[in-house]
Amino acid sequence: MHNESVAAVQRVTLRGIHLLATLLMATATAAQADDDGMNLLNQSIARYAAIASYADTGTVVRELPGIVERWKFKTYFQRPLNFRFDFQGVSSRSGELVTDSSHHHIVLWMIGGRLQTYNQHMRSHNVIPRTGNQPAELLGASVATAGTSVLIPSLLYSKANLPGTLQQIREAVDTGYETVGGHRCHKIVGTAAQYYPSGQMTNVRQVTAWVDAETHMLRKVLEDTPEGSPAGTYSRLTVTIEPVMNPTLDEGSFRFTIPVPQQ
């Protein structure tokens, strides 16, 4: 009986050790996945800060209950002082009704450090010299451009401290590979939030980013419904990007001619 009791205790102990080891391995694996996710995002952020020139085209889709809004945009960038961001509506669907939203047109362009902004809907045109608060113009346009006026520019102008979505991610997990537009990408799922000056968090939401495995460029971002949203509602924003790293750009890429108002 004594030997049987000892054997039983040994079996229980071994099972406990095995369970503990399994839990420790799972914890270590999860921690490694978190580290990998943030490391990949940081590599992407660093890549944008180092490139000499950049161009992209992109699409934006925002889904709300009964509503689907679509936009398009393009970006041109050349260090140190040339930039253009062009954002325009495509369509807005409410139920079965689809309307043209191309009148929603916002452009920010800079040649030699002189920034200009144009808003077709507001019929406004502003000029901001190098001594002005140019980052504030990009940030001010973020609501009207579904956040895209700072999404990529915040990475290109890393010292401007613009609150782009990638910089707002604090926890992230690399969940493996997926293909976006024919390109193999890391699929990174994280939690992002904005912060008040007091440190209080707001707009906490899940963000999924697809980062090109070869170039580390961002190819897709999905921002899901923020925490605390009313029950039964949802708000999803999907941005798809076709980036070009270090393209050859001439000054014409950064010019924009303000349309003559129709009578």
# chains A, B, ... in the order shown; residues from 1 in each chain; ligands from 1

call {"tool": "select_by_dssp", "arguments": {"residues": "segment 82-245 of chain A", "states": "alpha helix (DSSP H)", "output": "number ranges by chain"}}
result
A: 134-140, 148-151, 153-156

call {"tool": "select_by_dssp", "arguments": {"residues": "segment 72-206 of chain A", "states": "strand (DSSP E or B)", "output": "JSON, numbers by chain"}}
result
{"A": [72, 73, 74, 75, 76, 77, 78, 82, 83, 84, 85, 86, 87, 88, 89, 90, 91, 92, 93, 94, 97, 98, 99, 100, 105, 106, 107, 108, 109, 110, 111, 114, 115, 116, 117, 118, 119, 124, 125, 126, 127, 128, 169, 170, 171, 172, 173, 174, 175, 176, 177, 178, 179, 180, 183, 184, 185, 186, 187, 188, 189, 190, 191, 192, 193, 194, 195, 201, 202, 203, 204, 205, 206]}

call {"tool": "closest_atom_pairs", "arguments": {"of": "segment 107-219 of chain A", "to": "segment 231-246 of chain A", "cutoff": "9 Å", "atoms": "only C-alpha atoms", "output": "tab-separated table"}}
result
residue	atom	partner	partner_atom	distance
A:Ala146	CA	A:Leu237	CA	8.1
A:Thr148	CA	A:Val239	CA	8.3
A:Val180	CA	A:Thr240	CA	8.8
A:Gly181	CA	A:Glu242	CA	8.2
A:Thr215	CA	A:Met245	CA	8.2
A:Met217	CA	A:Pro243	CA	6.9
A:Leu218	CA	A:Ile241	CA	7.0
A:Arg219	CA	A:Ile241	CA	4.7

call {"tool": "write_last_selection", "arguments": {"atoms": "C-alpha atoms", "output": "mmCIF file, in the first residue's frame"}}
result
data_model
loop_
_atom_site.group_PDB
_atom_site.id
_atom_site.type_symbol
_atom_site.label_atom_id
_atom_site.label_comp_id
_atom_site.auth_asym_id
_atom_site.auth_seq_id
_atom_site.Cartn_x
_atom_site.Cartn_y
_atom_site.Cartn_z
ATOM 1 C CA ALA A 146 -11.402 59.485 -42.071
ATOM 2 C CA THR A 148 -5.994 59.286 -43.619
ATOM 3 C CA VAL A 180 -3.211 41.613 -49.641
ATOM 4 C CA GLY A 181 -3.241 42.713 -53.268
ATOM 5 C CA THR A 215 9.141 46.080 -47.747
ATOM 6 C CA MET A 217 5.144 49.060 -45.922
ATOM 7 C CA LEU A 218 1.567 49.271 -44.681
ATOM 8 C CA ARG A 219 -0.932 47.729 -47.123
#

call {"tool": "atom_distance", "arguments": {"atom1": "atom CA of Ser101 of chain A", "atom2": "atom CA of Arg84 of chain A"}}
result
21.1 Å

call {"tool": "closest_residue", "arguments": {"among": "A:Leu222, A:Ala136, A:Val260, A:Leu162", "to": "Val61 of chain A", "atoms": "only C-alpha atoms"}}
result
A:Leu222

call {"tool": "atom_distance", "arguments": {"atom1": "atom CA of Val98 of chain A", "atom2": "atom CA of Arg205 of chain A"}}
result
28.5 Å

call {"tool": "residues_around", "arguments": {"residues": "Gly164 of chain A", "least_positions_apart": "4", "cutoff": "10 Å", "atoms": "only C-alpha atoms", "output": "list of chain:residue names"}}
result
A:Leu139, A:Ser142, A:Gly147, A:Thr148, A:Ser149, A:Val150, A:Leu151, A:Ile152, A:Pro153, A:Ser154, A:Leu155, A:Gln168, A:Ile169, A:Gln194

call {"tool": "residues_around", "arguments": {"residues": "His105 of chain A", "least_positions_apart": "2", "cutoff": "12 Å", "atoms": "only C-alpha atoms", "output": "list in words"}}
result
Trp71, Lys72, Phe73, Lys74, Phe85, Asp86, Phe87, Gln88, Gly89, Val90, Ser101, Ser102, His103, Val107, Leu108, Thr117, Tyr118, Asn119, Gln120, His121, Met122, Arg123, Ser124, Ala141, Ala144, Thr145, Ile258 and Pro259 of chain A

call {"tool": "closest_residue", "arguments": {"among": "A:Ala209, A:Leu156, A:Ala46, A:Leu115", "to": "Val189 of chain A", "atoms": "only C-alpha atoms"}}
result
A:Ala209

call {"tool": "atom_distance", "arguments": {"atom1": "atom CA of Pro226 of chain A", "atom2": "atom CA of Asn203 of chain A"}}
result
5.6 Å

call {"tool": "residues_around", "arguments": {"residues": "Thr208 of chain A", "least_positions_apart": "6", "cutoff": "9 Å", "atoms": "only C-alpha atoms", "output": "list of chain:residue names"}}
result
A:Ala172, A:Lys187, A:Ile188, A:Val189, A:Gly190, A:Thr191, A:Lys220, A:Val221, A:Leu222, A:Glu223, A:Asp224

call {"tool": "write_last_selection", "arguments": {"atoms": "C-alpha atoms", "output": "short mmCIF file (atom, residue, chain, number, x, y, z; two decimals), in the first residue's frame"}}
result
data_model
loop_
_atom_site.label_atom_id
_atom_site.label_comp_id
_atom_site.auth_asym_id
_atom_site.auth_seq_id
_atom_site.Cartn_x
_atom_site.Cartn_y
_atom_site.Cartn_z
CA ALA A 172 -0.18 43.87 -30.82
CA LYS A 187 -1.33 40.26 -40.12
CA ILE A 188 -0.97 42.15 -36.84
CA VAL A 189 -3.92 42.50 -34.46
CA GLY A 190 -3.66 45.11 -31.74
CA THR A 191 -5.44 47.56 -29.47
CA LYS A 220 -4.18 47.57 -45.18
CA VAL A 221 -5.67 48.78 -41.90
CA LEU A 222 -8.98 47.80 -40.31
CA GLU A 223 -10.24 49.84 -37.36
CA ASP A 224 -13.15 48.16 -35.61
#

call {"tool": "closest_residue", "arguments": {"among": "A:Ala52, A:Arg130, A:Gly176, A:Ser158", "to": "Phe77 of chain A", "atoms": "only C-alpha atoms"}}
result
A:Ala52

call {"tool": "residues_around", "arguments": {"residues": "Ser91 of chain A", "least_positions_apart": "4", "cutoff": "6 Å", "atoms": "only C-alpha atoms", "output": "list of chain:residue names"}}
result
A:Arg70, A:Thr99, A:Asp100, A:Ser101

call {"tool": "write_last_selection", "arguments": {"atoms": "N, CA and C atoms", "output": "short mmCIF file (atom, residue, chain, number, x, y, z; two decimals), in the first residue's frame"}}
result
data_model
loop_
_atom_site.label_atom_id
_atom_site.label_comp_id
_atom_site.auth_asym_id
_atom_site.auth_seq_id
_atom_site.Cartn_x
_atom_site.Cartn_y
_atom_site.Cartn_z
N ARG A 70 -17.50 55.59 -49.25
CA ARG A 70 -16.26 55.23 -49.96
C ARG A 70 -15.51 56.49 -50.38
N THR A 99 -25.33 57.82 -53.69
CA THR A 99 -25.10 59.17 -54.19
C THR A 99 -23.61 59.38 -54.47
N ASP A 100 -23.33 60.26 -55.42
CA ASP A 100 -21.97 60.64 -55.77
C ASP A 100 -21.43 61.61 -54.72
N SER A 101 -20.26 61.33 -54.16
CA SER A 101 -19.69 62.21 -53.14
C SER A 101 -18.36 62.80 -53.58
#
